[in-house]
Amino acid sequence: MSVLAVIRPDSWFFPLFLHIAGAMVVVGALTLASVSLIVSWRNGSAALIRQAYMTLFYFALPGYIVFRVGSEWIADKEGLADSNVTWIGIGYGVSDMGALLLIISLVIGGLSVRKMNRGQQPSPIAARIVTGLVSLVLIAYLVGVWAMTAKPT
Amino acid sequence: MYDFLLFVHVLAAFLLGAGVVIYTSFVLGGPVVRPSRTVAEILWGVGGLGTLAFGVWLALNRPEYELWDGWIIAALVLWFLAMGSGTQVSRNVQPAGDSAVAIDRRVAFAHWMRIVYVVLLLVVMVWKPGA
């Protein structure tokens with residue numbers, strides 16, 4: 001498998017590039033959102049809560065779409081779309097769970113941003129819930145990075 | 001051994017990318033607070049060193065690669081360029097509390113160039129031209 005990973009047809013490169021670049025943006029966005037929300041626990045800063053939610057919307061969501069399109073494309077090219085291989089299963093599991101938790105976080109974040117736009121304070125409970133969800137997705141994606149590189153069978 | 005080296009090399013690349021995303025938020029006008037900036041610096045630093053160290057180790061570990069292969073030299077050049085731009089950005093983006101920091105145009109340019117170098121680095125790593 002390792003040797004196969006090194007020697008790839010040229011047509012695989014662009015989808016693989018999209019897959020990795022999108023995943024990098026998602027991981028970066030989740031990291032920033034987690035840190036901003038955790039810092040906001042202490043000082044209740046609305047600016048940091050807004051930064052976290054905006055990061056999820058403007059970076060994590062587009063990054064996820066690019067990552068997922070890339071993953072489907074490269075899996076199709078490699079003939080792995082319907083594969084029962086363990087590392088593919090881990091990848092899809094992490095990706096699907098991450099999408100669900102990201103959507104929930106975006107909905108909660110969107111409601112909080114709307115509240116802030118009306119001049120109200122954002123809910124600290126909502127911020128804590130999103131911190132938990134986003135941190136969980138981040139850890140899951142790091143497991144995904146391990147599965148994609150170590151390729152456990 | 002190859003799988004482990006590839007994992008830590010790619011993980012380091014993800015840390016590097018995460019640092020770039022956080023700095024992009026700062027450059028676009030997001031609040032720069034000390035903890036976020038510290039995390040960005042750690043991610044950028046650890047990611048940078050990790051990609052270089054484990055990348056070189058990977059090249060030495062694989063018989064089909066040599067350190068003087070064109071694509072590896074290109075990657076090393078891009079890595080140094082990215083680190084140079086990153087240092088310039090790090091020096092000039094300082095914590096300022098909840099309010100957005102006014103980023104100097106030259107610093108913003110250095111940041112966008114860093115993104116270009118990192119993207120090109122990823123292109124070289126995925127395509128491995130000439131390998």
# chains A, B, ... in the order shown; residues from 1 in each chain; ligands from 1
>>> interface_residues(of="chain A", to="chain B", cutoff="6 Å", atoms="only C-alpha atoms", output="ChimeraX atom specification")
/A:13,24,28,32,47,146,149-150
>>> write_last_selection(atoms="C-alpha atoms", output="PDB file, in the first residue's frame")
ATOM      1  CA  PHE A  13      -3.145  14.435  -8.196  1.00  0.00           C
ATOM      2  CA  MET A  24      -6.119  21.614   6.122  1.00  0.00           C
ATOM      3  CA  GLY A  28      -7.232  25.331  10.868  1.00  0.00           C
ATOM      4  CA  LEU A  32      -9.202  28.875  15.654  1.00  0.00           C
ATOM      5  CA  ALA A  47     -15.869  39.729  19.402  1.00  0.00           C
ATOM      6  CA  TRP A 146      -3.802   9.094  10.973  1.00  0.00           C
ATOM      7  CA  THR A 149      -1.628   8.118   6.206  1.00  0.00           C
ATOM      8  CA  ALA A 150      -1.079   4.927   8.247  1.00  0.00           C
TER       9      ALA A 150
END
>>> select_by_dssp(residues="stretch 32-67 of chain B", states="alpha helix (DSSP H)", output="PyMOL selection string")
chain B and resi 34-61
>>> residues_around(residues="stretch 116-121 of chain A", least_positions_apart="2", cutoff="12 Å", atoms="only C-alpha atoms", output="PDB file with N, CA and C atoms, in the first residue's frame")
ATOM      1  N   GLY A  44     -15.859  36.500  28.268  1.00  0.00           N
ATOM      2  CA  GLY A  44     -17.188  36.741  27.696  1.00  0.00           C
ATOM      3  C   GLY A  44     -17.166  37.641  26.466  1.00  0.00           C
ATOM      4  N   SER A  45     -16.036  37.683  25.789  1.00  0.00           N
ATOM      5  CA  SER A  45     -15.890  38.586  24.646  1.00  0.00           C
ATOM      6  C   SER A  45     -16.806  38.206  23.476  1.00  0.00           C
ATOM      7  N   ALA A  46     -17.688  39.131  23.123  1.00  0.00           N
ATOM      8  CA  ALA A  46     -18.582  38.898  21.976  1.00  0.00           C
ATOM      9  C   ALA A  46     -17.783  38.874  20.674  1.00  0.00           C
ATOM     10  N   ALA A  47     -16.691  39.673  20.618  1.00  0.00           N
ATOM     11  CA  ALA A  47     -15.869  39.729  19.402  1.00  0.00           C
ATOM     12  C   ALA A  47     -15.236  38.363  19.117  1.00  0.00           C
ATOM     13  N   LEU A  48     -14.780  37.685  20.174  1.00  0.00           N
ATOM     14  CA  LEU A  48     -14.153  36.371  19.980  1.00  0.00           C
ATOM     15  C   LEU A  48     -15.190  35.321  19.589  1.00  0.00           C
ATOM     16  N   ILE A  49     -16.377  35.422  20.194  1.00  0.00           N
ATOM     17  CA  ILE A  49     -17.442  34.468  19.837  1.00  0.00           C
ATOM     18  C   ILE A  49     -17.830  34.670  18.370  1.00  0.00           C
ATOM     19  N   ARG A  50     -17.933  35.934  17.961  1.00  0.00           N
ATOM     20  CA  ARG A  50     -18.258  36.224  16.561  1.00  0.00           C
ATOM     21  C   ARG A  50     -17.150  35.699  15.640  1.00  0.00           C
ATOM     22  N   GLN A  51     -15.883  35.907  16.047  1.00  0.00           N
ATOM     23  CA  GLN A  51     -14.760  35.421  15.237  1.00  0.00           C
ATOM     24  C   GLN A  51     -14.849  33.900  15.058  1.00  0.00           C
ATOM     25  N   TYR A  53     -17.546  31.899  15.222  1.00  0.00           N
ATOM     26  CA  TYR A  53     -18.653  31.491  14.361  1.00  0.00           C
ATOM     27  C   TYR A  53     -18.398  31.873  12.905  1.00  0.00           C
ATOM     28  N   GLY A 109     -24.281  28.723  15.906  1.00  0.00           N
ATOM     29  CA  GLY A 109     -23.490  29.936  15.692  1.00  0.00           C
ATOM     30  C   GLY A 109     -24.268  31.002  14.943  1.00  0.00           C
ATOM     31  N   GLY A 110     -25.009  30.578  13.918  1.00  0.00           N
ATOM     32  CA  GLY A 110     -25.803  31.515  13.130  1.00  0.00           C
ATOM     33  C   GLY A 110     -26.845  32.226  13.985  1.00  0.00           C
ATOM     34  N   LEU A 111     -27.493  31.460  14.874  1.00  0.00           N
ATOM     35  CA  LEU A 111     -28.502  32.057  15.767  1.00  0.00           C
ATOM     36  C   LEU A 111     -27.844  33.063  16.712  1.00  0.00           C
ATOM     37  N   SER A 112     -26.650  32.706  17.205  1.00  0.00           N
ATOM     38  CA  SER A 112     -25.933  33.617  18.117  1.00  0.00           C
ATOM     39  C   SER A 112     -25.509  34.892  17.408  1.00  0.00           C
ATOM     40  N   VAL A 113     -25.019  34.753  16.153  1.00  0.00           N
ATOM     41  CA  VAL A 113     -24.595  35.943  15.400  1.00  0.00           C
ATOM     42  C   VAL A 113     -25.803  36.846  15.136  1.00  0.00           C
ATOM     43  N   ARG A 114     -26.950  36.249  14.832  1.00  0.00           N
ATOM     44  CA  ARG A 114     -28.168  37.047  14.605  1.00  0.00           C
ATOM     45  C   ARG A 114     -28.528  37.832  15.875  1.00  0.00           C
ATOM     46  N   SER A 123     -25.205  33.907  23.729  1.00  0.00           N
ATOM     47  CA  SER A 123     -25.406  32.963  24.830  1.00  0.00           C
ATOM     48  C   SER A 123     -24.091  32.257  25.178  1.00  0.00           C
ATOM     49  N   PRO A 124     -23.650  32.345  26.449  1.00  0.00           N
ATOM     50  CA  PRO A 124     -22.416  31.624  26.822  1.00  0.00           C
ATOM     51  C   PRO A 124     -22.600  30.107  26.784  1.00  0.00           C
ATOM     52  N   ILE A 125     -23.842  29.656  27.021  1.00  0.00           N
ATOM     53  CA  ILE A 125     -24.096  28.198  26.981  1.00  0.00           C
ATOM     54  C   ILE A 125     -23.931  27.695  25.543  1.00  0.00           C
ATOM     55  N   ALA A 126     -24.477  28.470  24.600  1.00  0.00           N
ATOM     56  CA  ALA A 126     -24.328  28.089  23.181  1.00  0.00           C
ATOM     57  C   ALA A 126     -22.849  28.026  22.810  1.00  0.00           C
ATOM     58  N   ALA A 127     -22.072  29.002  23.306  1.00  0.00           N
ATOM     59  CA  ALA A 127     -20.634  29.032  23.000  1.00  0.00           C
ATOM     60  C   ALA A 127     -19.943  27.781  23.552  1.00  0.00           C
TER      61      ALA A 127
END
>>> closest_residue(among="A:Pro152, A:Pro122, A:Gly22, A:Pro9", to="A:Leu61", atoms="only C-alpha atoms")
A:Gly22
>>> residues_around(residues="stretch 74-82 of chain A", least_positions_apart="5", cutoff="9 Å", atoms="only C-alpha atoms", output="VMD selection string")
chain A and resid 11 to 16 19 69 88
>>> residues_around(residues="B:Met113", least_positions_apart="4", cutoff="8 Å", atoms="only C-alpha atoms", output="list in words")
Ala82, Ser85, Phe109 and Tyr117 of chain B
>>> write_last_selection(atoms="N, CA and C atoms", output="PDB file, in the first residue's frame")
ATOM      1  N   ALA B  82       8.486  30.380   2.745  1.00  0.00           N
ATOM      2  CA  ALA B  82       7.297  30.461   3.614  1.00  0.00           C
ATOM      3  C   ALA B  82       7.701  30.873   5.024  1.00  0.00           C
ATOM      4  N   SER B  85       8.546  34.646   5.098  1.00  0.00           N
ATOM      5  CA  SER B  85       7.336  35.480   5.111  1.00  0.00           C
ATOM      6  C   SER B  85       6.643  35.370   6.474  1.00  0.00           C
ATOM      7  N   PHE B 109       0.781  41.642   2.681  1.00  0.00           N
ATOM      8  CA  PHE B 109       1.344  41.066   1.454  1.00  0.00           C
ATOM      9  C   PHE B 109       2.228  39.858   1.788  1.00  0.00           C
ATOM     10  N   TYR B 117       3.214  30.315  -1.040  1.00  0.00           N
ATOM     11  CA  TYR B 117       4.324  29.360  -0.861  1.00  0.00           C
ATOM     12  C   TYR B 117       3.817  28.032  -0.269  1.00  0.00           C
TER      13      TYR B 117
END
>>> atom_distance(atom1="atom CA of A:Val66", atom2="atom CA of A:Ala23")
8.0 Å
>>> atom_distance(atom1="atom CA of A:Leu18", atom2="atom CA of A:Gly70")
5.0 Å
>>> atom_distance(atom1="atom CA of A:Val143", atom2="atom CA of B:Trp44")
20.3 Å
>>> residues_around(residues="B:Gly70", least_positions_apart="3", cutoff="8 Å", atoms="only C-alpha atoms", output="PyMOL selection string")
chain B and resi 73-74+129-130
>>> write_last_selection(atoms="C-alpha atoms", output="compact mmCIF listing (two decimals), in the first residue's frame")
# COMPACT_ATOMS: atom_id res chain seq x y z
CA ILE B 73 14.92 20.95 -3.57
CA ALA B 74 11.90 22.97 -4.81
CA PRO B 129 7.21 16.60 -10.40
CA GLY B 130 10.09 14.60 -11.84
>>> decode(residues="stretch 34-108 of chain A", atoms="C-alpha atoms", output="compact mmCIF listing (two decimals), in the first residue's frame")
# COMPACT_ATOMS: atom_id res chain seq x y z
CA SER A 34 -12.02 26.25 19.54
CA VAL A 35 -9.34 28.62 20.85
CA SER A 36 -11.51 31.74 20.39
CA LEU A 37 -14.47 30.13 22.14
CA ILE A 38 -12.37 28.80 25.03
CA VAL A 39 -10.83 32.27 25.54
CA SER A 40 -14.32 33.80 25.44
CA TRP A 41 -15.35 31.57 28.39
CA ARG A 42 -13.11 33.67 30.62
CA ASN A 43 -13.78 37.18 29.37
CA GLY A 44 -17.19 36.74 27.70
CA SER A 45 -15.89 38.59 24.65
CA ALA A 46 -18.58 38.90 21.98
CA ALA A 47 -15.87 39.73 19.40
CA LEU A 48 -14.15 36.37 19.98
CA ILE A 49 -17.44 34.47 19.84
CA ARG A 50 -18.26 36.22 16.56
CA GLN A 51 -14.76 35.42 15.24
CA ALA A 52 -15.27 31.73 16.08
CA TYR A 53 -18.65 31.49 14.36
CA MET A 54 -17.52 33.50 11.34
CA THR A 55 -14.47 31.24 11.03
CA LEU A 56 -16.74 28.20 10.97
CA PHE A 57 -18.91 29.79 8.28
CA TYR A 58 -16.25 31.33 6.04
CA PHE A 59 -13.44 28.77 6.43
CA ALA A 60 -14.68 25.46 7.86
CA LEU A 61 -17.80 25.12 5.69
CA PRO A 62 -16.15 25.88 2.29
CA GLY A 63 -13.09 23.89 3.38
CA TYR A 64 -15.30 20.92 4.23
CA ILE A 65 -17.06 21.06 0.84
CA VAL A 66 -13.71 21.15 -1.03
CA PHE A 67 -12.33 18.36 1.19
CA ARG A 68 -15.38 16.16 0.68
CA VAL A 69 -15.60 16.73 -3.08
CA GLY A 70 -11.88 15.87 -3.28
CA SER A 71 -12.37 12.73 -1.18
CA GLU A 72 -15.26 11.45 -3.31
CA TRP A 73 -13.33 12.24 -6.49
CA ILE A 74 -10.10 10.53 -5.42
CA ALA A 75 -12.00 7.53 -3.98
CA ASP A 76 -13.77 7.17 -7.33
CA LYS A 77 -10.47 7.45 -9.25
CA GLU A 78 -8.83 4.83 -7.03
CA GLY A 79 -11.88 2.54 -7.20
CA LEU A 80 -12.35 2.79 -3.43
CA ALA A 81 -15.79 4.42 -3.30
CA ASP A 82 -17.51 1.17 -2.31
CA SER A 83 -14.52 -0.34 -0.55
CA ASN A 84 -14.77 -2.11 2.80
CA VAL A 85 -11.16 -1.29 3.68
CA THR A 86 -10.83 -0.16 7.31
CA TRP A 87 -9.07 3.15 6.67
CA ILE A 88 -11.67 4.18 4.10
CA GLY A 89 -14.39 3.31 6.62
CA ILE A 90 -12.69 5.42 9.29
CA GLY A 91 -12.34 8.27 6.79
CA TYR A 92 -16.00 8.26 5.77
CA GLY A 93 -17.16 7.79 9.38
CA VAL A 94 -15.11 10.74 10.62
CA SER A 95 -16.13 12.87 7.66
CA ASP A 96 -19.88 12.16 8.01
CA MET A 97 -19.88 12.64 11.78
CA GLY A 98 -17.85 15.83 11.33
CA ALA A 99 -20.36 17.16 8.79
CA LEU A 100 -23.27 16.58 11.16
CA LEU A 101 -21.55 18.25 14.12
CA LEU A 102 -20.34 21.11 11.91
CA ILE A 103 -23.91 21.75 10.67
CA ILE A 104 -25.22 21.78 14.27
CA SER A 105 -22.41 24.19 15.24
CA LEU A 106 -23.18 26.44 12.26
CA VAL A 107 -26.89 26.58 13.16
CA ILE A 108 -26.15 27.44 16.81
